[in-house]
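Student: My structure is stored as target10.txt, with compact mmCIF, C-alpha atoms and all ligand atoms.
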```
# COMPACT_ATOMS: atom_id res chain seq x y z
CA MET A 1 33.55 5.80 -7.86
CA THR A 2 30.52 3.59 -8.59
CA LYS A 3 27.22 5.18 -7.66
CA ILE A 4 25.40 3.30 -4.91
CA THR A 5 21.69 2.81 -5.58
CA ALA A 6 19.08 1.25 -3.30
CA ALA A 7 17.59 -1.97 -4.66
CA ILE A 8 14.86 -4.25 -3.43
CA THR A 9 16.52 -7.63 -2.85
CA ALA A 10 13.72 -9.63 -1.18
CA VAL A 11 9.98 -9.54 -0.55
CA GLY A 12 7.58 -11.19 1.90
CA LYS A 13 3.85 -11.11 2.50
CA TYR A 14 1.07 -12.08 4.83
CA VAL A 15 -2.70 -11.97 4.50
CA PRO A 16 -5.06 -13.34 7.17
CA ASP A 17 -6.95 -16.57 6.49
CA TYR A 18 -10.46 -15.16 6.89
CA ILE A 19 -12.01 -14.27 3.52
CA LEU A 20 -14.78 -11.67 3.56
CA THR A 21 -16.64 -12.24 0.29
CA ASN A 22 -19.03 -9.92 -1.53
CA LYS A 23 -21.72 -12.50 -0.75
CA GLU A 24 -21.12 -12.10 2.99
CA LEU A 25 -21.19 -8.30 2.63
CA GLU A 26 -24.63 -8.68 1.04
CA THR A 27 -25.81 -9.99 4.43
CA LEU A 28 -24.36 -6.97 6.28
CA VAL A 29 -25.33 -3.99 4.08
CA ASP A 30 -27.57 -3.14 1.12
CA THR A 31 -25.15 -4.07 -1.66
CA ASN A 32 -24.56 -6.80 -4.19
CA ASP A 33 -21.70 -8.73 -5.75
CA GLU A 34 -22.28 -7.25 -9.21
CA TRP A 35 -22.22 -3.61 -7.99
CA ILE A 36 -19.02 -4.17 -6.04
CA ILE A 37 -17.22 -5.92 -8.90
CA THR A 38 -18.35 -3.41 -11.54
CA ARG A 39 -17.57 -0.31 -9.46
CA THR A 40 -14.39 -1.48 -7.71
CA GLY A 41 -13.11 -4.79 -9.14
CA ILE A 42 -13.07 -6.33 -5.65
CA LYS A 43 -14.30 -9.91 -5.17
CA GLU A 44 -13.04 -10.59 -1.67
CA ARG A 45 -10.79 -9.19 1.04
CA ARG A 46 -8.96 -10.68 4.04
CA ILE A 47 -9.88 -9.82 7.63
CA LEU A 48 -7.70 -10.34 10.71
CA LYS A 49 -9.82 -12.01 13.39
CA GLY A 50 -8.92 -12.73 17.00
CA GLU A 51 -8.39 -10.69 20.13
CA ASN A 52 -5.30 -8.59 20.74
CA LYS A 53 -4.12 -8.86 17.16
CA GLY A 54 -3.28 -5.58 15.49
CA THR A 55 -1.23 -4.30 12.58
CA SER A 56 1.99 -5.57 14.18
CA TYR A 57 0.69 -9.14 13.87
CA LEU A 58 0.39 -8.69 10.10
CA GLY A 59 3.75 -6.92 9.80
CA ILE A 60 5.62 -9.52 11.84
CA LYS A 61 4.26 -12.35 9.68
CA ALA A 62 5.22 -10.57 6.43
CA ALA A 63 8.71 -9.80 7.75
CA GLU A 64 9.16 -13.40 8.93
CA ASP A 65 8.18 -14.61 5.46
CA LEU A 66 10.85 -12.37 3.91
CA ILE A 67 13.51 -13.40 6.45
CA ALA A 68 12.82 -17.11 5.85
CA LYS A 69 12.80 -16.74 2.04
CA LYS A 70 15.97 -14.65 1.91
CA ASN A 71 17.57 -16.69 4.67
CA ILE A 72 19.04 -13.68 6.46
CA ASP A 73 19.92 -13.22 10.11
CA PRO A 74 17.49 -10.58 11.45
CA LYS A 75 20.34 -9.24 13.58
CA GLU A 76 21.88 -7.86 10.35
CA ILE A 77 18.89 -5.55 9.78
CA GLU A 78 19.78 -1.99 10.79
CA LEU A 79 16.49 -0.17 10.32
CA VAL A 80 12.86 -1.31 10.35
CA ILE A 81 10.25 1.07 8.96
CA VAL A 82 6.59 0.19 9.39
CA ALA A 83 4.45 2.11 6.92
CA THR A 84 0.93 2.10 8.34
CA ALA A 85 -2.20 4.17 8.80
CA THR A 86 -3.47 1.85 11.54
CA PRO A 87 -0.74 1.60 14.20
CA ASP A 88 -1.29 -0.85 17.08
CA MET A 89 -1.80 2.04 19.49
CA GLN A 90 -0.99 5.71 19.96
CA ALA A 91 2.26 6.89 21.53
CA ALA A 92 3.95 3.47 21.25
CA SER A 93 5.70 2.75 17.96
CA THR A 94 4.32 -0.32 16.19
CA SER A 95 7.69 -0.71 14.48
CA ALA A 96 9.54 -1.14 17.78
CA TYR A 97 7.36 -4.11 18.66
CA VAL A 98 7.70 -5.58 15.16
CA ALA A 99 11.49 -5.20 15.15
CA THR A 100 11.82 -6.87 18.53
CA MET A 101 9.47 -9.73 17.68
CA ILE A 102 11.30 -10.58 14.45
CA GLY A 103 14.66 -10.56 16.25
CA ALA A 104 16.00 -7.37 14.64
CA THR A 105 17.69 -6.52 17.91
CA ASN A 106 20.45 -4.42 16.32
CA ALA A 107 17.99 -2.18 14.49
CA PHE A 108 16.24 1.05 15.31
CA SER A 109 12.78 1.55 13.94
CA PHE A 110 9.98 4.00 13.31
CA ASP A 111 6.45 4.16 11.93
CA LEU A 112 5.67 6.18 8.82
CA ASP A 113 2.12 7.32 8.08
CA SER A 114 0.86 9.10 5.01
CA ALA A 115 -2.37 7.12 4.56
CA CYS A 116 -2.43 5.08 1.33
CA SER A 117 0.86 6.68 0.21
CA SER A 118 2.73 5.43 3.30
CA PHE A 119 4.56 2.62 1.52
CA LEU A 120 5.46 4.78 -1.49
CA TYR A 121 6.95 7.44 0.77
CA GLY A 122 8.57 4.67 2.83
CA MET A 123 10.39 3.51 -0.31
CA SER A 124 11.82 7.00 -0.68
CA VAL A 125 12.95 7.13 2.96
CA ALA A 126 14.38 3.60 3.03
CA SER A 127 16.31 4.22 -0.20
CA SER A 128 17.76 7.47 1.06
CA PHE A 129 19.47 5.77 4.02
CA ILE A 130 21.03 3.22 1.64
CA GLU A 131 22.08 5.79 -0.99
CA ALA A 132 23.69 7.91 1.72
CA GLY A 133 25.78 4.90 2.71
CA LYS A 134 24.45 5.02 6.23
CA TYR A 135 22.86 1.54 6.41
CA LYS A 136 23.11 -1.63 4.33
CA LYS A 137 19.94 -3.49 5.27
CA VAL A 138 16.69 -1.56 5.63
CA LEU A 139 13.45 -3.50 6.08
CA LEU A 140 10.35 -1.64 4.90
CA ILE A 141 7.02 -3.14 5.92
CA GLY A 142 3.63 -1.94 4.68
CA ALA A 143 0.90 -3.21 7.01
CA ASP A 144 -2.65 -2.20 7.78
CA LYS A 145 -5.49 -3.69 9.75
CA CYS A 146 -8.03 -1.58 7.87
CA SER A 147 -10.92 -3.52 9.41
CA SER A 148 -10.12 -1.75 12.70
CA MET A 149 -11.41 1.54 11.26
CA ILE A 150 -14.34 0.26 9.21
CA ASP A 151 -18.01 0.56 10.03
CA TYR A 152 -19.56 -2.67 8.74
CA THR A 153 -22.93 -0.95 8.44
CA ASP A 154 -21.55 1.66 5.98
CA ARG A 155 -21.75 0.27 2.46
CA THR A 156 -19.66 3.06 0.97
CA THR A 157 -16.53 1.97 2.84
CA CYS A 158 -16.91 -1.60 4.12
CA ILE A 159 -16.84 -3.08 0.63
CA ILE A 160 -13.47 -1.53 -0.18
CA PHE A 161 -10.96 -2.19 2.57
CA GLY A 162 -9.10 -5.32 3.71
CA ASP A 163 -6.22 -6.34 5.99
CA GLY A 164 -2.74 -7.42 4.94
CA ALA A 165 0.99 -6.78 4.98
CA GLY A 166 3.99 -6.93 2.72
CA ALA A 167 7.70 -6.40 3.36
CA VAL A 168 10.71 -5.52 1.21
CA LEU A 169 14.41 -5.42 1.95
CA PHE A 170 16.50 -2.54 0.55
CA GLU A 171 20.22 -3.10 0.05
CA PRO A 172 23.02 -1.19 -1.71
CA ASN A 173 23.51 -1.98 -5.39
CA GLU A 174 26.40 -1.18 -7.71
CA GLU A 175 24.76 -2.35 -10.95
CA GLY A 176 22.33 0.52 -11.26
CA MET A 177 19.28 -1.37 -9.94
CA GLY A 178 16.69 0.02 -7.53
CA LEU A 179 15.08 3.39 -7.04
CA MET A 180 15.90 5.67 -9.99
CA ASP A 181 13.64 8.68 -9.51
CA GLU A 182 10.56 9.89 -7.69
CA TYR A 183 7.84 12.53 -7.87
CA LEU A 184 6.02 12.89 -4.53
CA ARG A 185 3.39 15.44 -3.55
CA THR A 186 0.83 16.30 -0.86
CA ASP A 187 -2.15 18.68 -0.68
CA GLY A 188 -3.58 19.27 2.79
CA SER A 189 -6.79 20.78 1.47
CA GLY A 190 -7.83 17.20 0.74
CA ARG A 191 -7.99 16.02 4.33
CA GLU A 192 -11.71 16.68 4.70
CA PHE A 193 -12.54 14.14 1.99
CA LEU A 194 -11.02 11.00 3.51
CA LYS A 195 -10.37 10.62 7.20
CA VAL A 196 -11.06 9.07 10.58
CA ALA A 197 -12.19 12.25 12.34
CA VAL A 198 -11.84 11.04 15.90
CA GLY A 199 -9.04 9.53 17.95
CA GLY A 200 -6.34 12.00 16.96
CA SER A 201 -5.31 15.21 18.71
CA VAL A 202 -7.95 17.44 17.09
CA LEU A 203 -10.87 15.39 18.34
CA PRO A 204 -9.95 12.83 21.00
CA LEU A 205 -12.34 9.91 21.43
CA SER A 206 -15.35 10.65 23.63
CA LYS A 207 -18.58 8.84 24.35
CA GLU A 208 -20.48 11.35 22.17
CA ASN A 209 -18.36 11.08 19.06
CA PHE A 210 -18.10 7.30 19.50
CA ASP A 211 -21.91 7.14 19.49
CA ASP A 212 -21.83 9.21 16.28
CA LYS A 213 -19.47 6.59 14.77
CA LEU A 214 -16.81 9.22 14.10
CA ASN A 215 -14.12 6.69 14.99
CA PHE A 216 -14.62 5.04 11.59
CA VAL A 217 -13.20 6.01 8.22
CA LYS A 218 -15.45 8.26 6.15
CA GLN A 219 -14.83 9.40 2.61
CA ASP A 220 -16.37 11.44 -0.12
CA GLY A 221 -15.84 8.63 -2.62
CA LYS A 222 -16.43 10.64 -5.77
CA THR A 223 -13.98 13.43 -4.83
CA VAL A 224 -11.33 10.93 -3.74
CA PHE A 225 -11.89 8.96 -6.93
CA LYS A 226 -11.48 12.01 -9.19
CA ASN A 227 -8.33 13.18 -7.41
CA ALA A 228 -6.86 9.68 -7.39
CA VAL A 229 -7.40 9.20 -11.12
CA PHE A 230 -5.96 12.59 -12.00
CA ASN A 231 -2.95 12.51 -9.69
CA MET A 232 -1.83 8.89 -10.11
CA ALA A 233 -1.97 9.29 -13.88
CA ASP A 234 -0.33 12.72 -13.79
CA ALA A 235 2.50 11.64 -11.47
CA SER A 236 3.16 8.51 -13.56
CA GLU A 237 3.26 10.51 -16.76
CA LYS A 238 5.59 13.09 -15.20
CA ILE A 239 8.08 10.48 -13.98
CA MET A 240 8.09 8.80 -17.42
CA LYS A 241 8.68 12.10 -19.19
CA LYS A 242 11.41 13.16 -16.77
CA ASN A 243 13.27 9.90 -17.40
CA SER A 244 12.56 9.80 -21.17
CA LEU A 245 10.64 6.54 -20.78
CA THR A 246 8.08 5.50 -23.38
CA ASN A 247 5.36 2.93 -22.75
CA ASP A 248 7.58 0.36 -24.51
CA ASP A 249 10.32 0.93 -21.93
CA ILE A 250 7.97 0.16 -19.03
CA SER A 251 7.85 -3.48 -17.94
CA TRP A 252 5.27 -3.04 -15.20
CA LEU A 253 2.95 -0.57 -13.51
CA ALA A 254 2.59 -1.23 -9.77
CA PRO A 255 -0.35 0.97 -8.74
CA HIS A 256 -1.91 1.34 -5.30
CA GLN A 257 -4.97 -0.91 -5.31
CA ALA A 258 -7.90 1.35 -4.37
CA ASN A 259 -10.27 0.79 -7.26
CA LYS A 260 -9.86 -1.16 -10.50
CA ARG A 261 -11.26 1.81 -12.43
CA ILE A 262 -8.58 4.15 -10.99
CA ILE A 263 -5.88 1.63 -11.96
CA GLU A 264 -7.23 1.24 -15.50
CA ALA A 265 -7.49 5.00 -15.99
CA THR A 266 -3.86 5.43 -14.92
CA ALA A 267 -2.72 2.69 -17.32
CA ARG A 268 -4.73 4.24 -20.18
CA ARG A 269 -3.08 7.62 -19.65
CA MET A 270 0.34 5.91 -19.76
CA LYS A 271 -0.77 4.03 -22.91
CA LEU A 272 0.19 0.79 -21.18
CA ASP A 273 -1.14 -2.60 -22.18
CA THR A 274 -3.16 -4.21 -19.36
CA SER A 275 -0.76 -7.18 -19.42
CA LYS A 276 1.83 -4.85 -17.84
CA VAL A 277 -0.45 -3.72 -15.01
CA MET A 278 -0.04 -5.49 -11.67
CA MET A 279 -3.41 -6.09 -10.08
CA ASN A 280 -4.59 -8.14 -7.09
CA ILE A 281 -7.39 -5.88 -5.83
CA GLN A 282 -9.88 -8.65 -6.65
CA LYS A 283 -8.35 -10.80 -3.86
CA TYR A 284 -7.50 -8.29 -1.13
CA GLY A 285 -9.40 -5.02 -1.71
CA ASN A 286 -7.65 -1.85 -0.58
CA THR A 287 -5.12 -2.79 2.12
CA THR A 288 -3.81 0.82 2.35
CA SER A 289 -0.04 0.62 3.07
CA ALA A 290 0.16 -3.05 2.05
CA THR A 291 -1.10 -2.85 -1.54
CA ILE A 292 2.26 -2.20 -3.24
CA PRO A 293 4.41 -4.76 -1.36
CA LEU A 294 1.60 -7.32 -1.80
CA LEU A 295 1.84 -6.68 -5.56
CA PHE A 296 5.61 -7.20 -5.47
CA ALA A 297 5.12 -10.45 -3.55
CA ASP A 298 2.36 -11.79 -5.81
CA TYR A 299 4.25 -10.88 -9.02
CA GLU A 300 7.73 -11.76 -7.72
CA THR A 301 8.17 -14.83 -9.93
CA GLN A 302 7.29 -12.81 -13.06
CA LEU A 303 9.69 -9.95 -12.29
CA LYS A 304 13.14 -9.92 -13.85
CA LYS A 305 16.28 -8.10 -12.81
CA GLY A 306 16.36 -4.72 -14.56
CA ASP A 307 12.60 -4.55 -15.24
CA ASN A 308 11.46 -0.92 -15.37
CA ILE A 309 8.58 -0.48 -12.92
CA ILE A 310 6.47 2.60 -12.29
CA VAL A 311 5.06 2.55 -8.76
CA THR A 312 2.25 4.98 -7.98
CA ALA A 313 -0.16 5.69 -5.13
CA PHE A 314 -2.79 8.14 -3.95
CA GLY A 315 -4.23 8.48 -0.47
CA GLY A 316 -5.71 10.55 2.31
CA GLY A 317 -4.21 13.90 3.10
CA PHE A 318 -4.22 14.13 0.07
CA SER A 319 -0.91 12.43 -0.65
CA TRP A 320 0.33 10.90 -3.90
CA GLY A 321 3.26 10.30 -6.19
CA ALA A 322 5.09 8.00 -8.56
CA MET A 323 8.46 6.27 -8.60
CA TYR A 324 10.69 4.78 -11.23
CA LEU A 325 12.21 1.54 -9.96
CA LYS A 326 14.51 -0.99 -11.60
CA TRP A 327 13.76 -4.44 -10.17
CA GLY A 328 16.79 -5.80 -8.34
CA TYR A 329 16.84 -9.59 -8.81
CA ASN A 330 15.56 -12.73 -10.52
CA SER A 331 13.68 -14.99 -8.13
O1 LIG B 401 -6.84 4.64 -1.37
C1 LIG B 401 -7.55 5.86 -1.47
C2 LIG B 401 -8.83 5.65 -0.79
N1 LIG B 401 -10.04 5.50 -1.45
C3 LIG B 401 -10.31 5.52 -2.77
O2 LIG B 401 -9.50 5.67 -3.64
C4 LIG B 401 -11.75 5.37 -3.13
C5 LIG B 401 -12.16 6.23 -4.29
N2 LIG B 401 -13.58 6.14 -4.57
C6 LIG B 401 -14.14 5.02 -5.09
O3 LIG B 401 -13.48 4.00 -5.30
C7 LIG B 401 -15.60 5.09 -5.48
O4 LIG B 401 -16.05 6.43 -5.41
C8 LIG B 401 -16.52 4.19 -4.62
C9 LIG B 401 -16.22 2.74 -4.90
C10 LIG B 401 -16.32 4.50 -3.15
C11 LIG B 401 -17.98 4.45 -5.00
O5 LIG B 401 -18.17 4.24 -6.39
P1 LIG B 401 -18.91 5.35 -7.27
O6 LIG B 401 -18.97 4.81 -8.64
O7 LIG B 401 -18.18 6.64 -7.07
O8 LIG B 401 -20.34 5.36 -6.65
P2 LIG B 401 -21.15 6.60 -6.04
O9 LIG B 401 -20.63 6.96 -4.70
O10 LIG B 401 -21.30 7.64 -7.08
O11 LIG B 401 -22.58 5.93 -5.87
C12 LIG B 401 -23.38 5.51 -6.99
C13 LIG B 401 -24.63 4.88 -6.46
C14 LIG B 401 -25.32 5.69 -5.38
O12 LIG B 401 -26.71 5.51 -5.54
P3 LIG B 401 -27.62 6.64 -6.25
O13 LIG B 401 -27.43 7.88 -5.44
O14 LIG B 401 -27.06 6.75 -7.64
O15 LIG B 401 -28.98 6.05 -6.19
C15 LIG B 401 -24.87 5.05 -4.10
O16 LIG B 401 -25.77 5.23 -3.04
O17 LIG B 401 -24.30 3.62 -5.85
C16 LIG B 401 -24.80 3.60 -4.50
N3 LIG B 401 -23.86 2.83 -3.69
C17 LIG B 401 -23.93 1.49 -3.60
N4 LIG B 401 -24.78 0.59 -4.12
C18 LIG B 401 -24.56 -0.70 -3.83
C19 LIG B 401 -22.81 3.28 -2.97
N5 LIG B 401 -22.18 2.24 -2.39
C20 LIG B 401 -22.86 1.13 -2.76
C21 LIG B 401 -22.70 -0.24 -2.48
N6 LIG B 401 -23.56 -1.11 -3.04
N7 LIG B 401 -21.70 -0.70 -1.71
```
Could you show the structure in this file as structure tokens?

Tutor:
Amino acid sequence: MTKITAAITAVGKYVPDYILTNKELETLVDTNDEWIITRTGIKERRILKGENKGTSYLGIKAAEDLIAKKNIDPKEIELVIVATATPDMQAASTSAYVATMIGATNAFSFDLDSACSSFLYGMSVASSFIEAGKYKKVLLIGADKCSSMIDYTDRTTCIIFGDGAGAVLFEPNEEGMGLMDEYLRTDGSGREFLKVAVGGSVLPLSKENFDDKLNFVKQDGKTVFKNAVFNMADASEKIMKKNSLTNDDISWLAPHQANKRIIEATARRMKLDTSKVMMNIQKYGNTTSATIPLLFADYETQLKKGDNIIVTAFGGGFSWGAMYLKWGYNS
């Protein structure tokens, strides 16, 4: 019997129109364009403006883009997963709203949150349903309205994050395309170094902690940086070794876009030429769960069926990992 693998068969994306440039950030905090570009590689990021627009708005647009491009009937979708660290609200699944609004009325849905690793882990979950033969069309959306948790008076975070969404469709494949292998890890001792302290069950929002700005994301940048460099590189190297892949066998590296220097360090450790490294951090900054599907969307026309791609991410928690993926189609 032919082995069923889970392949990506379509991608979609959405980024908001508003461009927050380094120049504009210079008017908000004590920073400058040169520092931001040298230390992070980011030139601009997109921000979702307008009342009553949350992460679902971004996710719906990305999913609609995919549905239009692939020309599928949303009623055929059986599962919608929204990978996000910034759900619309607590205790009401963002994915349920997204699924309904895109017309996926025959699907069930759930949110998946593991900070910046949400989409990577989502790929593992989505693939498992396909490989098990349970569902044939799983829509995985990575969407984050990061601006909703950013303090625009804090120069250590406001320069990094942006808003955006990407979507991919997983379908069964009998030609050996799709997810080949994965190495995923977490380490809870890292949660002190990158978090939004307030608004969860440990510390519900109060007037006092709101006044202390604890509802915004805070990070110990240096510690996160060091762990991200080590673990993204380590996980990528491990997955290559496990699958006997040399740098020549790799067509592309699709790394979470948190900092250009983290991406370059990972590529160096894999001995990969920079021409094989997907990068769009300069345009969008760190969009958390959306970075990887936005890469797939931006590089779609350059990707070829059978391309060997290493996907890797690192995020809060800590959470990290790497995947070996064979691209599923020619666009
Ligand atoms: O997706 C996972 C989530 N996050 C990450 O992966 C982020 C990982 N961390 C980073 O990307 C980097 O640590 C940052 C970009 C956040 C910071 O870069 P850095 O090279 O680690 O800078 P630093 O924190 O060591 O700061 C160096 C200097 C400091 O000044 P002094 O103490 O040397 O005088 C900072 O106060 O740069 C200063 N600084 C800034 N200067 C201008 C910090 N932020 C800024 C800024 N503009 N925005």

Student: Can you pull out every residue within 8 Å of range 314-327 of chain A, counting only C-alpha atoms, but drop anything in the same chain fewer than 2 positions away, and send it as a ChimeraX atom specification?

Tutor: /A:7-8,114-117,120,176-191,193-195,228,231-232,235-236,239-240,256,303-312,329

Student: I'd like a table as a tab-separated table: residues in chain A with an atom no more than 8 Å from ligand LIG 401 (chain B), each row giving the shortest atom pair and its distance in Å to one decimal, only C-alpha atoms and all ligand atoms counted, sorted by chain and rising residue number.

Tutor:
```
residue	atom	partner	partner_atom	distance
A:Val29	CA	B:LIG401	N7	7.6
A:Asp30	CA	B:LIG401	N6	6.1
A:Thr31	CA	B:LIG401	N6	3.6
A:Asn32	CA	B:LIG401	N6	5.9
A:Trp35	CA	B:LIG401	C18	5.6
A:Ile36	CA	B:LIG401	N7	6.2
A:Arg39	CA	B:LIG401	O6	5.4
A:Thr40	CA	B:LIG401	C9	5.4
A:Ala115	CA	B:LIG401	O1	7.8
A:Cys116	CA	B:LIG401	O1	5.2
A:Arg155	CA	B:LIG401	N7	4.3
A:Thr156	CA	B:LIG401	N5	4.3
A:Thr157	CA	B:LIG401	C10	6.5
A:Cys158	CA	B:LIG401	N7	7.6
A:Ile159	CA	B:LIG401	N7	5.9
A:Ile160	CA	B:LIG401	C9	6.9
A:Leu194	CA	B:LIG401	C2	7.2
A:Gln219	CA	B:LIG401	N1	7.4
A:Asp220	CA	B:LIG401	O4	7.3
A:Gly221	CA	B:LIG401	O4	3.6
A:Lys222	CA	B:LIG401	O4	4.2
A:Thr223	CA	B:LIG401	N2	7.3
A:Val224	CA	B:LIG401	C5	4.8
A:Phe225	CA	B:LIG401	C5	3.8
A:Lys226	CA	B:LIG401	C5	7.6
A:Ala228	CA	B:LIG401	O2	6.1
A:His256	CA	B:LIG401	O1	7.1
A:Gln257	CA	B:LIG401	O1	7.1
A:Ala258	CA	B:LIG401	O1	4.6
A:Asn259	CA	B:LIG401	O3	4.9
A:Arg261	CA	B:LIG401	O3	7.8
A:Ile262	CA	B:LIG401	O3	7.5
A:Asn286	CA	B:LIG401	O1	6.6
A:Thr288	CA	B:LIG401	O1	6.1
A:Ala313	CA	B:LIG401	O1	7.7
A:Phe314	CA	B:LIG401	C1	5.8
A:Gly315	CA	B:LIG401	C1	4.3
A:Gly316	CA	B:LIG401	C1	6.3
```

Student: Measuring between all atoms listed in the file, which one of A:Pro172, A:Gly162, A:Gly199, A:Gly133 shows the shortest distance to Ile47 in chain A?

Tutor: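 Smallest distance to Ile47 in chain A is found for A:Gly162.
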
Student: So how far away is CA of Asp65 in chain A from CA of Ile141 in chain A, in Å?

Tutor: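 Rounded to one decimal, the two atoms are 11.5 Å apart.
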
Student: Using only C-alpha atoms, which of the listed residues (A:Ser109, A:Asn52, A:Thr287, A:Ser244) sits closest to Ala126 in chain A?

Tutor: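 With only C-alpha atoms as the atom set, the closest residue is A:Ser109.
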
Student: Kindly provide, as a PDB file with C-alpha atoms, in the coordinates of the input, the polymer residues lying within 10 Å of (0.8, -13.2, -4.9), counting all atoms listed in the file and using the coordinates exactly as they appear in the file.

Tutor:
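In the end it all went to out_26.pdb:
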```pdb
ATOM      1  CA  GLY A  12       7.580 -11.190   1.900  1.00  0.00           C
ATOM      2  CA  LYS A  13       3.850 -11.110   2.500  1.00  0.00           C
ATOM      3  CA  TYR A  14       1.070 -12.080   4.830  1.00  0.00           C
ATOM      4  CA  MET A 279      -3.410  -6.090 -10.080  1.00  0.00           C
ATOM      5  CA  ASN A 280      -4.590  -8.140  -7.090  1.00  0.00           C
ATOM      6  CA  LYS A 283      -8.350 -10.800  -3.860  1.00  0.00           C
ATOM      7  CA  PRO A 293       4.410  -4.760  -1.360  1.00  0.00           C
ATOM      8  CA  LEU A 294       1.600  -7.320  -1.800  1.00  0.00           C
ATOM      9  CA  LEU A 295       1.840  -6.680  -5.560  1.00  0.00           C
ATOM     10  CA  PHE A 296       5.610  -7.200  -5.470  1.00  0.00           C
ATOM     11  CA  ALA A 297       5.120 -10.450  -3.550  1.00  0.00           C
ATOM     12  CA  ASP A 298       2.360 -11.790  -5.810  1.00  0.00           C
ATOM     13  CA  TYR A 299       4.250 -10.880  -9.020  1.00  0.00           C
ATOM     14  CA  GLU A 300       7.730 -11.760  -7.720  1.00  0.00           C
ATOM     15  CA  THR A 301       8.170 -14.830  -9.930  1.00  0.00           C
TER      16      THR A 301
END
```

Student: Between A:Tyr97, A:Phe110, A:Phe230, A:Tyr284, which is the closest to Ala267 in chain A once you count only C-alpha atoms?

Tutor: A:Phe230

Student: Which one of A:Lys61, A:Gly122, A:Ser56, A:Lys49 sits closest to Ala92 in chain A if you count all atoms listed in the file?

Tutor: A:Ser56

Student: Choose the residue, out of A:Leu79, A:Val196, A:Ala143, A:Ile281, that has the smallest atom-to-atom separation from Ser118 in chain A; count only C-alpha atoms.

Tutor: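 Answer, going by the shortest atom-to-atom distance: A:Ala143.
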
Student: When you draw a straight line from CA of Met278 in chain A to CA of Ala83 in chain A, how long is it in Å?

Tutor: 20.6 Å

Student: By how many Å are CA of Ala132 in chain A and CA of Thr86 in chain A apart?

Tutor: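 Atom-to-atom, CA of Ala132 in chain A and CA of Thr86 in chain A are spaced 29.5 Å apart.
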
Student: Using all atoms listed in the file, find the one residue out of A:Thr274, A:Ser124, A:Thr291, A:Thr9 that sits nearest to Asn247 in chain A.

Tutor: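 Under the stated criterion, the closest residue is A:Thr274.
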
Student: Could you add N, CA, C and O atoms to range 308-317 of chain A and give me the result as a tab-separated table (two decimals), in the coordinates of the input?

Tutor:
```tsv
chain	number	residue	atom	x	y	z
A	308	ASN	N	11.83	-2.30	-15.72
A	308	ASN	CA	11.46	-0.92	-15.37
A	308	ASN	C	10.04	-0.90	-14.81
A	308	ASN	O	9.10	-1.26	-15.53
A	309	ILE	N	9.90	-0.49	-13.57
A	309	ILE	CA	8.58	-0.48	-12.92
A	309	ILE	C	8.22	0.94	-12.52
A	309	ILE	O	9.05	1.66	-11.95
A	310	ILE	N	6.99	1.34	-12.83
A	310	ILE	CA	6.47	2.60	-12.29
A	310	ILE	C	5.55	2.25	-11.14
A	310	ILE	O	4.61	1.46	-11.28
A	311	VAL	N	5.86	2.79	-9.96
A	311	VAL	CA	5.06	2.55	-8.76
A	311	VAL	C	4.31	3.84	-8.48
A	311	VAL	O	4.91	4.92	-8.50
A	312	THR	N	3.00	3.74	-8.23
A	312	THR	CA	2.25	4.98	-7.98
A	312	THR	C	1.17	4.76	-6.93
A	312	THR	O	0.66	3.64	-6.77
A	313	ALA	N	0.86	5.81	-6.19
A	313	ALA	CA	-0.16	5.69	-5.13
A	313	ALA	C	-0.85	7.03	-4.93
A	313	ALA	O	-0.33	8.08	-5.30
A	314	PHE	N	-2.04	6.94	-4.35
A	314	PHE	CA	-2.79	8.14	-3.95
A	314	PHE	C	-3.51	7.81	-2.65
A	314	PHE	O	-4.04	6.71	-2.50
A	315	GLY	N	-3.53	8.77	-1.72
A	315	GLY	CA	-4.23	8.48	-0.47
A	315	GLY	C	-4.67	9.72	0.27
A	315	GLY	O	-4.53	10.85	-0.22
A	316	GLY	N	-5.19	9.49	1.44
A	316	GLY	CA	-5.71	10.55	2.31
A	316	GLY	C	-4.65	11.61	2.57
A	316	GLY	O	-3.45	11.36	2.49
A	317	GLY	N	-5.14	12.79	2.82
A	317	GLY	CA	-4.21	13.90	3.10
A	317	GLY	C	-4.53	15.18	2.34
A	317	GLY	O	-4.74	16.18	2.95
```
